[in-house]
>>> print(open('upload03.txt').read())   # compact mmCIF, C-alpha atoms
# COMPACT_ATOMS: atom_id res chain seq x y z
CA MET A 15 -27.51 -22.67 -82.51
CA HIS A 16 -25.14 -24.18 -80.02
CA VAL A 17 -23.96 -20.99 -78.33
CA ALA A 18 -27.43 -19.44 -78.28
CA ASN A 19 -28.81 -22.47 -76.48
CA GLN A 20 -25.98 -22.38 -73.94
CA VAL A 21 -26.60 -18.68 -73.34
CA LYS A 22 -30.28 -19.35 -72.72
CA GLN A 23 -29.54 -22.12 -70.24
CA LEU A 24 -26.92 -20.05 -68.43
CA VAL A 25 -29.18 -17.02 -68.09
CA LYS A 26 -31.93 -19.31 -66.77
CA LYS A 27 -29.46 -20.79 -64.28
CA GLU A 28 -28.35 -17.37 -63.07
CA ILE A 29 -31.93 -16.19 -62.63
CA ARG A 30 -32.91 -19.39 -60.83
CA LEU A 31 -29.93 -19.19 -58.48
CA GLU A 32 -30.72 -15.58 -57.75
CA TRP A 33 -34.39 -16.34 -57.20
CA ARG A 34 -33.51 -19.05 -54.66
CA SER A 35 -31.29 -16.92 -52.49
CA LYS A 36 -32.47 -13.44 -53.54
CA TYR A 37 -29.17 -12.31 -52.09
CA ALA A 38 -28.05 -9.83 -54.76
CA LEU A 39 -31.45 -8.36 -55.32
CA ASN A 40 -32.36 -7.85 -51.67
CA GLY A 41 -28.84 -6.93 -50.65
CA VAL A 42 -28.36 -4.28 -53.27
CA LEU A 43 -31.89 -2.98 -52.87
CA LEU A 44 -31.27 -2.53 -49.19
CA TYR A 45 -27.94 -0.88 -50.03
CA VAL A 46 -29.63 1.59 -52.38
CA VAL A 47 -32.51 2.28 -50.04
CA SER A 48 -30.27 2.93 -47.07
CA THR A 49 -27.91 5.11 -49.11
CA VAL A 50 -30.83 7.19 -50.37
CA PHE A 51 -32.06 7.44 -46.81
CA VAL A 52 -28.66 8.55 -45.51
CA CYS A 53 -28.59 11.16 -48.26
CA PHE A 54 -32.05 12.28 -47.25
CA MET A 55 -30.93 12.65 -43.65
CA SER A 56 -28.00 14.80 -44.68
CA PHE A 57 -29.61 16.85 -47.45
CA ILE A 58 -33.24 17.01 -46.17
CA SER A 59 -34.31 18.87 -49.30
CA MET A 60 -32.69 19.24 -52.66
CA PRO A 61 -33.53 22.44 -54.47
CA ASP A 62 -30.84 22.04 -57.11
CA ARG A 63 -31.56 19.95 -60.21
CA LEU A 64 -27.90 19.36 -60.92
CA THR A 65 -27.38 17.83 -57.48
CA TRP A 66 -30.50 15.69 -57.90
CA ASN A 67 -29.09 14.11 -61.03
CA ALA A 68 -25.49 13.82 -59.81
CA LEU A 69 -26.45 12.22 -56.50
CA PHE A 70 -28.63 9.63 -58.24
CA TRP A 71 -25.81 8.53 -60.50
CA ILE A 72 -23.26 8.44 -57.68
CA ILE A 73 -25.57 6.17 -55.67
CA MET A 74 -26.16 3.97 -58.72
CA LEU A 75 -22.45 3.80 -59.51
CA PHE A 76 -21.56 2.33 -56.14
CA ALA A 77 -24.64 0.12 -55.98
CA SER A 78 -23.91 -1.33 -59.42
CA ILE A 79 -20.27 -2.04 -58.60
CA ASN A 80 -21.48 -4.05 -55.63
CA ALA A 81 -24.24 -5.76 -57.58
CA VAL A 82 -22.18 -6.76 -60.61
CA ALA A 83 -18.96 -7.58 -58.74
CA LYS A 84 -20.77 -10.59 -57.36
CA SER A 85 -21.13 -12.19 -60.79
CA PHE A 86 -17.60 -13.56 -60.95
CA LEU A 87 -16.05 -12.74 -57.58
CA GLN A 88 -18.44 -14.81 -55.52
CA GLU A 89 -18.10 -17.97 -57.52
CA SER A 90 -15.52 -20.46 -56.32
CA ARG A 91 -12.59 -21.63 -58.41
CA GLY A 92 -14.11 -25.08 -58.50
CA ARG A 93 -17.27 -23.82 -60.09
CA HIS A 94 -15.26 -21.83 -62.63
CA LEU A 95 -13.47 -25.01 -63.60
CA TYR A 96 -16.75 -26.91 -63.84
CA MET A 97 -18.24 -24.22 -66.09
CA TYR A 98 -15.08 -24.25 -68.16
CA THR A 99 -15.57 -27.89 -69.05
CA LEU A 100 -19.26 -27.45 -69.81
CA VAL A 101 -19.80 -24.28 -71.85
CA SER A 102 -17.94 -22.11 -74.31
CA PRO A 103 -16.47 -18.91 -72.84
CA ILE A 104 -18.34 -16.76 -75.37
CA ALA A 105 -21.66 -18.18 -74.16
CA LEU A 106 -20.65 -17.56 -70.54
CA ILE A 107 -19.72 -13.90 -70.95
CA ILE A 108 -22.83 -13.20 -73.05
CA ALA A 109 -25.03 -14.91 -70.46
CA LYS A 110 -23.42 -13.06 -67.56
CA THR A 111 -23.76 -9.74 -69.37
CA ILE A 112 -27.41 -10.36 -70.23
CA TYR A 113 -28.20 -11.39 -66.69
CA ASN A 114 -26.34 -8.42 -65.21
CA SER A 115 -28.07 -6.06 -67.65
CA LEU A 116 -31.47 -7.36 -66.57
CA LEU A 117 -30.47 -7.10 -62.91
CA MET A 118 -29.13 -3.58 -63.34
CA ILE A 119 -32.16 -2.33 -65.28
CA GLY A 120 -34.48 -3.71 -62.61
CA LEU A 121 -32.40 -2.31 -59.78
CA THR A 122 -31.98 1.12 -61.33
CA LEU A 123 -35.70 1.45 -62.05
CA ILE A 124 -36.62 0.47 -58.48
CA ALA A 125 -33.93 2.80 -57.15
CA LEU A 126 -35.21 5.62 -59.35
CA VAL A 127 -38.78 5.19 -58.07
CA PHE A 128 -37.60 5.20 -54.47
CA TYR A 129 -35.23 8.12 -55.07
CA ALA A 130 -38.02 10.12 -56.71
CA MET A 131 -40.26 9.40 -53.73
CA VAL A 132 -37.73 10.69 -51.24
CA PHE A 133 -36.38 13.61 -53.24
CA GLU A 134 -38.97 15.31 -55.38
CA PRO A 135 -37.87 15.24 -59.04
CA PRO A 136 -37.59 18.50 -60.97
CA LYS A 137 -40.84 19.61 -62.58
CA GLU A 138 -39.61 20.07 -66.16
CA MET A 139 -38.22 16.55 -66.29
CA ASP A 140 -38.74 14.68 -69.55
CA ILE A 141 -39.58 11.33 -67.98
CA PRO A 142 -39.39 8.98 -71.06
CA MET A 143 -36.04 10.50 -71.98
CA TYR A 144 -34.75 10.08 -68.43
CA LEU A 145 -35.86 6.45 -68.53
CA ILE A 146 -33.89 5.96 -71.75
CA ALA A 147 -30.84 7.42 -70.00
CA VAL A 148 -31.41 5.13 -67.03
CA ILE A 149 -31.70 2.03 -69.21
CA LEU A 150 -28.67 2.92 -71.32
CA GLY A 151 -26.75 3.66 -68.13
CA SER A 152 -27.62 0.32 -66.56
CA LEU A 153 -26.63 -1.47 -69.75
CA SER A 154 -23.22 0.19 -69.85
CA PHE A 155 -22.63 -0.39 -66.12
CA ALA A 156 -23.49 -4.04 -66.66
CA THR A 157 -21.28 -4.58 -69.73
CA ILE A 158 -18.23 -2.82 -68.30
CA PHE A 159 -18.44 -4.13 -64.75
CA THR A 160 -19.04 -7.72 -65.89
CA MET A 161 -15.76 -7.78 -67.78
CA VAL A 162 -13.87 -5.95 -65.03
CA SER A 163 -15.22 -8.29 -62.38
CA ALA A 164 -14.00 -11.23 -64.48
CA ILE A 165 -10.54 -9.63 -64.60
CA ALA A 166 -10.58 -8.88 -60.88
CA SER A 167 -11.72 -12.38 -59.97
CA LYS A 168 -8.94 -13.94 -62.05
CA ALA A 169 -6.44 -11.65 -60.34
CA GLY A 170 -7.70 -13.24 -57.14
CA ASN A 171 -7.90 -10.07 -55.11
CA GLY A 172 -11.51 -9.06 -54.71
CA GLY A 173 -13.22 -5.82 -53.98
CA MET A 174 -10.54 -3.17 -53.93
CA LEU A 175 -9.07 -4.17 -57.27
CA MET A 176 -12.55 -4.12 -58.78
CA ALA A 177 -13.02 -0.48 -57.77
CA ILE A 178 -9.56 0.62 -58.92
CA LEU A 179 -9.89 -1.10 -62.29
CA SER A 180 -13.42 -0.05 -63.07
CA PHE A 181 -13.42 3.64 -62.13
CA PRO A 182 -11.13 4.95 -64.89
CA ILE A 183 -13.01 2.85 -67.44
CA ILE A 184 -16.48 3.88 -66.32
CA ILE A 185 -15.73 7.63 -66.16
CA PRO A 186 -16.08 8.33 -69.91
CA VAL A 187 -19.45 6.57 -69.87
CA LEU A 188 -20.51 8.38 -66.73
CA ILE A 189 -19.69 11.78 -68.24
CA VAL A 190 -21.89 11.13 -71.27
CA LEU A 191 -24.57 9.59 -69.08
CA VAL A 192 -24.80 12.48 -66.65
CA LYS A 193 -24.99 14.90 -69.57
CA LEU A 194 -27.75 12.87 -71.22
CA ALA A 195 -29.70 12.65 -67.98
CA LYS A 196 -29.24 16.36 -67.37
CA ASN A 197 -30.67 17.15 -70.80
CA ALA A 198 -33.70 15.07 -69.87
CA ILE A 199 -34.04 16.82 -66.51
CA ASP A 200 -33.87 20.24 -68.08
CA GLY A 201 -36.60 19.15 -70.50
CA LEU A 202 -34.48 20.07 -73.51
CA ASP A 203 -35.64 19.16 -76.97
CA ARG A 204 -35.02 15.46 -77.62
CA SER A 205 -33.02 16.04 -80.77
CA VAL A 206 -30.29 17.59 -78.59
CA SER A 207 -29.67 14.27 -76.86
CA LEU A 208 -29.52 12.09 -79.96
CA ASP A 209 -25.75 12.49 -80.27
CA ASP A 210 -25.22 11.39 -76.67
CA ILE A 211 -27.52 8.38 -77.09
CA GLY A 212 -25.55 7.40 -80.19
CA LEU A 213 -22.25 7.78 -78.37
CA MET A 214 -23.49 5.68 -75.45
CA ALA A 215 -24.61 2.97 -77.86
CA VAL A 216 -21.25 3.05 -79.64
CA ILE A 217 -19.33 2.77 -76.34
CA ASN A 218 -21.55 -0.13 -75.29
CA VAL A 219 -21.03 -2.00 -78.54
CA LEU A 220 -17.28 -1.32 -78.36
CA VAL A 221 -17.03 -2.66 -74.81
CA MET A 222 -19.11 -5.70 -75.71
CA VAL A 223 -16.99 -6.53 -78.76
CA VAL A 224 -13.72 -6.13 -76.84
CA SER A 225 -15.09 -8.30 -74.01
CA LEU A 226 -16.12 -11.02 -76.45
CA LEU A 227 -12.68 -10.99 -78.03
CA LEU A 228 -10.75 -10.99 -74.75
CA PHE A 229 -12.81 -13.17 -72.44
CA PRO A 230 -11.80 -16.52 -74.02
CA TYR A 231 -8.15 -15.65 -73.26
CA LEU A 232 -9.00 -14.70 -69.70
CA TRP A 233 -11.10 -17.76 -69.06
CA ARG A 234 -8.45 -20.27 -70.07
CA ASP A 235 -6.23 -20.80 -67.06
CA MET B 30 27.35 3.80 -84.18
CA LYS B 31 25.43 2.97 -87.36
CA LYS B 32 22.69 1.30 -85.41
CA SER B 33 22.20 4.22 -83.08
CA TRP B 34 21.66 6.89 -85.71
CA TRP B 35 18.09 7.39 -84.56
CA LYS B 36 19.21 8.07 -81.00
CA ILE B 37 21.57 10.76 -82.24
CA LEU B 38 18.78 12.14 -84.40
CA GLY B 39 16.40 12.21 -81.42
CA ALA B 40 18.92 13.92 -79.14
CA ALA B 41 19.80 16.46 -81.84
CA LEU B 42 16.14 17.23 -82.54
CA VAL B 43 15.33 17.75 -78.86
CA ILE B 44 18.39 19.97 -78.34
CA TYR B 45 17.47 21.91 -81.48
CA ALA B 46 13.84 22.24 -80.36
CA THR B 47 14.85 23.44 -76.91
CA ILE B 48 17.33 26.07 -78.13
CA ALA B 49 15.37 27.20 -81.17
CA GLY B 50 12.12 27.03 -79.24
CA LEU B 51 13.43 29.48 -76.67
CA LEU B 52 15.28 31.76 -79.10
CA LEU B 53 13.45 31.87 -82.45
CA GLY B 54 10.68 34.33 -83.09
CA VAL B 55 7.07 33.54 -82.26
CA PRO B 56 3.86 35.36 -83.12
CA HIS B 57 2.79 37.86 -80.47
CA LEU B 58 -0.67 36.99 -79.23
CA ASP B 59 -2.76 38.32 -76.38
CA ILE B 60 -2.80 36.33 -73.13
CA LEU B 61 -0.37 33.74 -74.51
CA ASN B 62 2.52 36.15 -75.07
CA GLU B 63 5.83 34.33 -74.78
CA SER B 64 4.22 31.32 -73.06
CA ILE B 65 3.27 30.12 -76.53
CA ARG B 66 6.75 28.56 -76.58
CA ASN B 67 5.40 25.94 -74.20
CA LEU B 68 3.68 24.45 -77.26
CA TYR B 69 7.04 22.93 -78.19
CA PHE B 70 7.18 21.07 -74.89
CA HIS B 71 3.59 20.47 -73.82
CA VAL B 72 2.11 18.98 -77.00
CA PRO B 73 5.01 16.62 -77.91
CA MET B 74 4.60 14.99 -74.46
CA TRP B 75 1.11 13.82 -75.43
CA PHE B 76 2.24 12.56 -78.81
CA ALA B 77 5.03 10.59 -77.17
CA MET B 78 2.63 9.23 -74.52
CA ILE B 79 0.09 8.07 -77.08
CA ILE B 80 2.75 6.42 -79.23
CA LEU B 81 4.21 4.61 -76.20
CA PHE B 82 0.78 3.41 -75.04
CA SER B 83 0.04 2.18 -78.56
CA ILE B 84 3.32 0.25 -78.53
CA SER B 85 2.24 -1.22 -75.21
CA VAL B 86 -1.12 -2.40 -76.57
CA PHE B 87 0.60 -3.87 -79.59
CA HIS B 88 2.90 -5.90 -77.35
CA SER B 89 0.03 -6.88 -75.08
CA ILE B 90 -1.83 -8.35 -78.05
CA LYS B 91 1.36 -10.12 -79.07
CA SER B 92 1.94 -11.48 -75.56
CA LEU B 93 -1.62 -12.85 -75.38
CA ASN B 94 -0.97 -14.87 -78.50
CA SER B 95 2.66 -15.84 -77.97
CA LYS B 96 2.69 -16.18 -74.13
CA ASN B 97 6.24 -14.89 -74.38
CA GLU B 98 7.63 -13.14 -71.31
CA ILE B 99 9.56 -10.66 -73.47
CA ASP B 100 6.38 -9.26 -75.01
CA ASP B 101 4.92 -8.76 -71.55
CA LEU B 102 8.05 -6.91 -70.39
CA LYS B 103 7.90 -4.70 -73.48
CA ALA B 104 4.25 -3.90 -72.77
CA VAL B 105 4.86 -2.90 -69.15
CA GLU B 106 8.01 -0.92 -69.84
CA SER B 107 6.37 1.11 -72.58
CA VAL B 108 3.55 1.90 -70.15
CA ASN B 109 6.16 2.97 -67.58
CA ALA B 110 7.82 5.26 -70.09
CA GLY B 111 4.46 6.53 -71.36
CA ILE B 112 3.31 7.45 -67.86
CA ILE B 113 6.41 9.62 -67.39
CA PHE B 114 5.41 11.56 -70.49
CA GLY B 115 1.78 11.70 -69.35
CA ILE B 116 2.81 13.24 -66.03
CA LEU B 117 5.16 15.68 -67.76
CA GLY B 118 2.33 16.61 -70.12
CA LEU B 119 0.01 17.26 -67.18
CA VAL B 120 2.65 19.33 -65.36
CA THR B 121 3.61 21.45 -68.38
CA GLY B 122 -0.08 21.90 -69.10
CA ALA B 123 -0.85 22.93 -65.53
CA VAL B 124 1.95 25.49 -65.46
CA TRP B 125 0.82 26.87 -68.80
CA ALA B 126 -2.77 27.01 -67.56
CA LYS B 127 -1.68 28.97 -64.49
CA TYR B 128 -0.27 31.79 -66.61
CA THR B 129 -2.95 31.86 -69.32
CA TRP B 130 -6.20 30.65 -67.78
CA GLY B 131 -5.46 31.69 -64.20
CA GLN B 132 -5.37 28.40 -62.30
CA PHE B 133 -3.25 25.31 -62.34
CA TRP B 134 -6.37 23.16 -62.69
CA SER B 135 -9.06 24.87 -64.70
CA SER B 136 -11.40 21.89 -64.93
CA ASP B 137 -10.96 21.88 -68.67
CA PRO B 138 -12.30 18.67 -70.30
CA LYS B 139 -9.00 17.86 -71.95
CA GLN B 140 -7.12 18.38 -68.70
CA ASN B 141 -9.56 16.17 -66.78
CA PHE B 142 -9.64 13.42 -69.38
CA ALA B 143 -5.87 13.36 -69.71
CA ALA B 144 -5.63 12.94 -65.94
CA ILE B 145 -8.16 10.10 -66.06
CA SER B 146 -6.30 8.30 -68.82
CA VAL B 147 -3.09 8.52 -66.77
CA LEU B 148 -5.11 7.03 -63.87
CA LEU B 149 -6.14 4.22 -66.18
CA TYR B 150 -2.53 3.24 -66.65
CA PHE B 151 -1.78 3.57 -62.94
CA ALA B 152 -4.61 1.08 -62.45
CA TYR B 153 -2.85 -1.18 -64.93
CA LEU B 154 0.35 -1.01 -62.85
CA VAL B 155 -1.54 -1.63 -59.60
CA LEU B 156 -3.18 -4.66 -61.22
CA ARG B 157 0.24 -5.99 -62.13
CA ASN B 158 1.46 -5.59 -58.57
CA ALA B 159 -1.57 -7.43 -57.24
CA ILE B 160 -0.71 -10.68 -59.03
CA ASP B 161 2.33 -12.70 -58.03
CA GLU B 162 2.35 -15.49 -60.55
CA GLU B 163 4.21 -14.31 -63.63
CA GLN B 164 2.30 -15.97 -66.45
CA LYS B 165 -1.03 -15.12 -64.92
CA ARG B 166 0.13 -11.55 -64.43
CA ALA B 167 1.18 -11.29 -68.05
CA LYS B 168 -2.16 -12.62 -69.28
CA ILE B 169 -4.50 -10.65 -67.04
CA SER B 170 -2.67 -7.36 -67.34
CA ALA B 171 -2.51 -7.74 -71.13
CA ILE B 172 -6.27 -8.23 -71.16
CA TYR B 173 -6.84 -5.15 -69.02
CA ASN B 174 -4.48 -3.14 -71.19
CA ILE B 175 -6.35 -4.06 -74.38
CA PHE B 176 -9.71 -3.50 -72.67
CA ALA B 177 -8.66 -0.06 -71.43
CA PHE B 178 -7.12 1.19 -74.67
CA PRO B 179 -10.39 1.84 -76.57
CA MET B 180 -11.62 3.73 -73.50
CA MET B 181 -8.50 5.89 -73.57
CA VAL B 182 -9.14 6.61 -77.24
CA VAL B 183 -12.71 7.66 -76.39
CA LEU B 184 -11.40 9.82 -73.52
CA LEU B 185 -8.68 11.59 -75.45
CA PHE B 186 -10.09 11.82 -78.97
CA VAL B 187 -13.90 11.61 -78.85
CA LEU B 188 -15.21 13.22 -75.66
CA PRO B 189 -13.15 16.45 -75.77
CA ARG B 190 -14.52 17.12 -79.25
CA LEU B 191 -18.05 17.14 -77.88
CA GLN B 192 -17.52 19.62 -75.08
CA SER B 193 -16.45 23.19 -74.94
CA SER B 194 -12.86 23.49 -73.88
CA LEU B 195 -10.33 26.18 -73.20
CA HIS B 196 -7.88 24.35 -75.40
CA PRO B 197 -7.51 25.60 -78.94
CA GLY B 198 -9.32 23.56 -81.55
CA ASN B 199 -12.24 22.65 -79.28
CA GLY B 200 -15.75 23.94 -78.76
CA GLY B 201 -15.55 26.70 -81.34
CA ASN B 202 -12.06 27.88 -80.39
CA PRO B 203 -9.92 27.97 -83.49
CA GLY B 204 -7.11 25.43 -83.53
CA PHE B 205 -3.49 26.41 -83.41
CA ASN B 206 -3.15 25.48 -87.05
CA SER B 207 -5.61 28.03 -88.34
CA TYR B 208 -3.82 31.28 -87.60
CA ASP B 209 -1.18 31.18 -84.95
CA LEU B 210 0.93 28.19 -85.85
CA ASP B 211 2.81 30.08 -88.53
CA SER B 212 5.73 28.78 -90.56
CA ARG B 213 8.27 29.91 -87.95
CA MET B 214 6.61 27.80 -85.28
CA ARG B 215 6.18 24.81 -87.59
CA MET B 216 9.94 24.76 -88.10
CA VAL B 217 10.35 24.02 -84.40
CA PHE B 218 7.11 22.25 -83.55
CA TYR B 219 7.36 19.27 -85.92
CA PRO B 220 11.03 18.48 -85.11
CA ALA B 221 10.16 18.81 -81.41
CA CYS B 222 7.34 16.23 -81.74
CA LEU B 223 9.54 13.81 -83.64
CA GLY B 224 12.44 14.32 -81.26
CA TRP B 225 10.42 13.70 -78.11
CA ILE B 226 8.77 10.62 -79.63
CA ILE B 227 12.23 9.22 -80.41
CA ILE B 228 13.47 10.05 -76.90
CA GLY B 229 10.40 8.33 -75.46
CA TYR B 230 11.08 5.25 -77.53
CA TRP B 231 14.71 5.36 -76.44
CA ILE B 232 13.76 5.52 -72.75
CA TYR B 233 11.47 2.56 -73.32
CA THR B 234 14.21 0.44 -74.95
CA ILE B 235 16.66 1.28 -72.15
CA ARG B 236 14.10 0.37 -69.49
CA PHE B 237 13.33 -2.85 -71.32
CA ARG B 238 17.00 -3.79 -71.49
CA ILE B 239 17.54 -3.08 -67.79
CA ARG B 240 14.52 -5.24 -66.99
CA THR B 241 15.75 -8.18 -69.08
CA LEU B 242 19.22 -7.94 -67.48
CA GLU B 243 17.65 -7.91 -64.00
CA ASN B 244 15.58 -10.97 -64.87
CA LYS B 245 18.65 -12.83 -66.07
CA GLN B 246 20.48 -12.31 -62.78
CA PHE B 247 17.95 -14.29 -60.79
>>> encode(input="upload03.txt", output="structure tokens")
Amino acid sequence: MHVANQVKQLVKKEIRLEWRSKYALNGVLLYVVSTVFVCFMSFISMPDRLTWNALFWIIMLFASINAVAKSFLQESRGRHLYMYTLVSPIALIIAKTIYNSLLMIGLTLIALVFYAMVFEPPKEMDIPMYLIAVILGSLSFATIFTMVSAIASKAGNGGMLMAILSFPIIIPVLIVLVKLAKNAIDGLDRSVSLDDIGLMAVINVLVMVVSLLLFPYLWRD
Amino acid sequence: MKKSWWKILGAALVIYATIAGLLLGVPHLDILNESIRNLYFHVPMWFAMIILFSISVFHSIKSLNSKNEIDDLKAVESVNAGIIFGILGLVTGAVWAKYTWGQFWSSDPKQNFAAISVLLYFAYLVLRNAIDEEQKRAKISAIYNIFAFPMMVVLLFVLPRLQSSLHPGNGGNPGFNSYDLDSRMRMVFYPACLGWIIIGYWIYTIRFRIRTLENKQF
């Protein structure tokens, strides 16, 4: 298929570009590591499970805004125009979302390992379930922030707009996510979390569909 | 005069709802007492807000397809009118919460989510201010408006259902309909909703007309 091939090439291109400079990966990793370290300096120990979970997601929220914002904001207008002549907008947004999802899942997993090393995780934690929450969370961060960063880059007014536009949209997801992760931390029975997983999936699909519908309009200058 | 029958209807309904809402009998319930009359003012605000935001999304979709400036103006003015109702809804809710739940802000899910959805539309207005070029502004803000609307639906209609809330009708609390919205209250409540929705629509049309007149002058 035409679009599928374009998506494959675009994802390859993104990964290759990233691999050459390693800017996003190293930059955001350093960002996460230093934030966790600053938190460690200020908290020293974290006896409360609720805080453990909340702090992790706050760190990931800001790290992912920085990581994903790059996808459209850092590309020049000239390159946008060049891409416009080459590929269909649908292929571009799918490729960006796939790449950002991969990036976010990788980042969040590394961040989780480091975070768990610094702050000891709660004992009752249901680790596979928490990993599911982490992966779903990274997927939703990636889908939402990719579209918002496209909007912000077209508005031509970088970072601050990105934060203002994305926070109200990400909050519903974050509420479900923190609840899901908390269920996993408390070691609750897995059937309790099924509703939340379903809701997360529905929100993700909804955001993806709306992005696919709207992006072609946004892309055409 | 014939064309403005709905404005007269709206004004009459709101006047009726205000007078009858303060004078007619209401069921006597614990905690709520006479503050139950706030139902006639608090709830219609949200209905009016949701209707106005839906109008805005409708016009945003239209403006994406037609690229017509008028559709864009309609979209932004209905958001402006809707935000007024959102703020009024938050304020009436906060005052009501103070006398029934004890604090102005009780960290109730519905209260929080309503505040977030108002924030969403403030973000929409900030986005509009950030872009100078008119056609670009129309396009990008329409896209954000359509993108944000499903999230507002999730915030206002899905998430509160899943959490326990102090509001009636959530988390095991019986809804107003089940026992306390008796026939006396219905006589005021439904006209009040309709009246405030019409007033909201009226404010939106006036704002839209002022905006088009202003644009013509330059």
>>> atom_distance(input="upload03.txt", atom1="CA of Lys193 in chain A", atom2="CA of Ser48 in chain A")
26.0 Å
>>> closest_atom_pairs(input="upload03.txt", of="chain B", to="chain A", cutoff="10 Å", atoms="all atoms listed in the file", output="tab-separated table")
residue	atom	partner	partner_atom	distance
B:Ile90	CA	A:Leu228	CA	9.9
B:Leu93	CA	A:Tyr231	CA	7.4
B:Asn94	CA	A:Tyr231	CA	8.9
B:Phe142	CA	A:Pro186	CA	8.2
B:Ala144	CA	A:Pro182	CA	9.8
B:Ile145	CA	A:Pro182	CA	6.1
B:Ser146	CA	A:Pro182	CA	7.1
B:Val147	CA	A:Pro182	CA	9.0
B:Leu148	CA	A:Pro182	CA	6.5
B:Leu149	CA	A:Pro182	CA	5.2
B:Tyr150	CA	A:Pro182	CA	8.9
B:Phe151	CA	A:Ile178	CA	9.2
B:Ala152	CA	A:Leu179	CA	5.7
B:Tyr153	CA	A:Leu179	CA	7.5
B:Val155	CA	A:Leu175	CA	8.3
B:Leu156	CA	A:Leu175	CA	7.1
B:Arg157	CA	A:Ala169	CA	8.9
B:Ala159	CA	A:Ala169	CA	7.2
B:Ile160	CA	A:Ala169	CA	6.0
B:Asp161	CA	A:Ala169	CA	9.1
B:Glu162	CA	A:Ala169	CA	9.6
B:Gln164	CA	A:Asp235	CA	9.8
B:Lys165	CA	A:Ala169	CA	7.9
B:Arg166	CA	A:Ala169	CA	7.7
B:Lys168	CA	A:Leu232	CA	7.2
B:Ile169	CA	A:Ile165	CA	6.6
B:Ser170	CA	A:Ile165	CA	8.6
B:Ala171	CA	A:Leu228	CA	9.6
B:Ile172	CA	A:Leu228	CA	6.4
B:Tyr173	CA	A:Ile165	CA	7.3
B:Ile175	CA	A:Val224	CA	8.0
B:Phe176	CA	A:Val224	CA	6.4
B:Ala177	CA	A:Ile183	CA	6.6
B:Phe178	CA	A:Ile183	CA	9.5
B:Pro179	CA	A:Leu220	CA	7.8
B:Met180	CA	A:Ile183	CA	6.3
B:Met181	CA	A:Ile183	CA	8.2
B:Val183	CA	A:Pro186	CA	7.3
B:Leu184	CA	A:Pro186	CA	6.1
B:Leu185	CA	A:Pro186	CA	9.8
B:Val187	CA	A:Leu213	CA	9.2
B:Leu188	CA	A:Pro186	CA	7.6
B:Leu191	CA	A:Asp210	CA	9.3
>>> residues_around(input="upload03.txt", residues="Ile99 in chain B", least_positions_apart="4", cutoff="9 Å", atoms="only C-alpha atoms", output="PDB file with C-alpha atoms, in the coordinates of the input")
ATOM      1  CA  SER B  92       1.940 -11.480 -75.560  1.00  0.00           C
ATOM      2  CA  LYS B 103       7.900  -4.700 -73.480  1.00  0.00           C
ATOM      3  CA  ALA B 104       4.250  -3.900 -72.770  1.00  0.00           C
ATOM      4  CA  PHE B 237      13.330  -2.850 -71.320  1.00  0.00           C
ATOM      5  CA  THR B 241      15.750  -8.180 -69.080  1.00  0.00           C
TER       6      THR B 241
END
>>> residues_around(input="upload03.txt", residues="Ser212 in chain B", least_positions_apart="5", cutoff="10 Å", atoms="only C-alpha atoms", output="list of chain:residue names")
B:Val55, B:Val217, B:Phe218
>>> closest_residue(input="upload03.txt", among="B:Ala143, B:Val108, B:Ile84, B:Ile227", to="Ala123 in chain B", atoms="only C-alpha atoms")
B:Ala143
>>> closest_atom_pairs(input="upload03.txt", of="range 51-119 of chain B", to="range 30-46 of chain B", cutoff="10 Å", atoms="all atoms listed in the file", output="CSV")
residue,atom,partner,partner_atom,distance
B:Leu51,CA,B:Ala46,CA,8.1
B:Leu52,CA,B:Ala46,CA,9.7
B:Leu53,CA,B:Ala46,CA,9.9
B:Tyr69,CA,B:Ala46,CA,7.2
B:Phe70,CA,B:Ala46,CA,8.7
>>> build_atoms(input="upload03.txt", residues="range 215-222 of chain B", atoms="N, CA and C atoms", output="JSON list (two decimals), keeping the file's coordinate frame")
[["chain", "number", "residue", "atom", "x", "y", "z"],
["B", 215, "ARG", "N", 6.16, 26.17, -87.03],
["B", 215, "ARG", "CA", 6.18, 24.81, -87.59],
["B", 215, "ARG", "C", 7.60, 24.28, -87.65],
["B", 216, "MET", "N", 8.55, 25.18, -87.97],
["B", 216, "MET", "CA", 9.94, 24.76, -88.10],
["B", 216, "MET", "C", 10.47, 24.15, -86.81],
["B", 217, "VAL", "N", 9.89, 24.57, -85.67],
["B", 217, "VAL", "CA", 10.35, 24.02, -84.40],
["B", 217, "VAL", "C", 9.42, 22.93, -83.91],
["B", 218, "PHE", "N", 8.10, 23.14, -84.16],
["B", 218, "PHE", "CA", 7.11, 22.25, -83.55],
["B", 218, "PHE", "C", 7.24, 20.81, -84.07],
["B", 219, "TYR", "N", 7.30, 20.64, -85.38],
["B", 219, "TYR", "CA", 7.36, 19.27, -85.92],
["B", 219, "TYR", "C", 8.64, 18.54, -85.50],
["B", 220, "PRO", "N", 9.83, 19.18, -85.62],
["B", 220, "PRO", "CA", 11.03, 18.48, -85.11],
["B", 220, "PRO", "C", 10.92, 18.16, -83.62],
["B", 221, "ALA", "N", 10.28, 19.07, -82.85],
["B", 221, "ALA", "CA", 10.16, 18.81, -81.41],
["B", 221, "ALA", "C", 9.34, 17.55, -81.17],
["B", 222, "CYS", "N", 8.20, 17.42, -81.90],
["B", 222, "CYS", "CA", 7.34, 16.23, -81.74],
["B", 222, "CYS", "C", 8.14, 14.97, -82.06]]
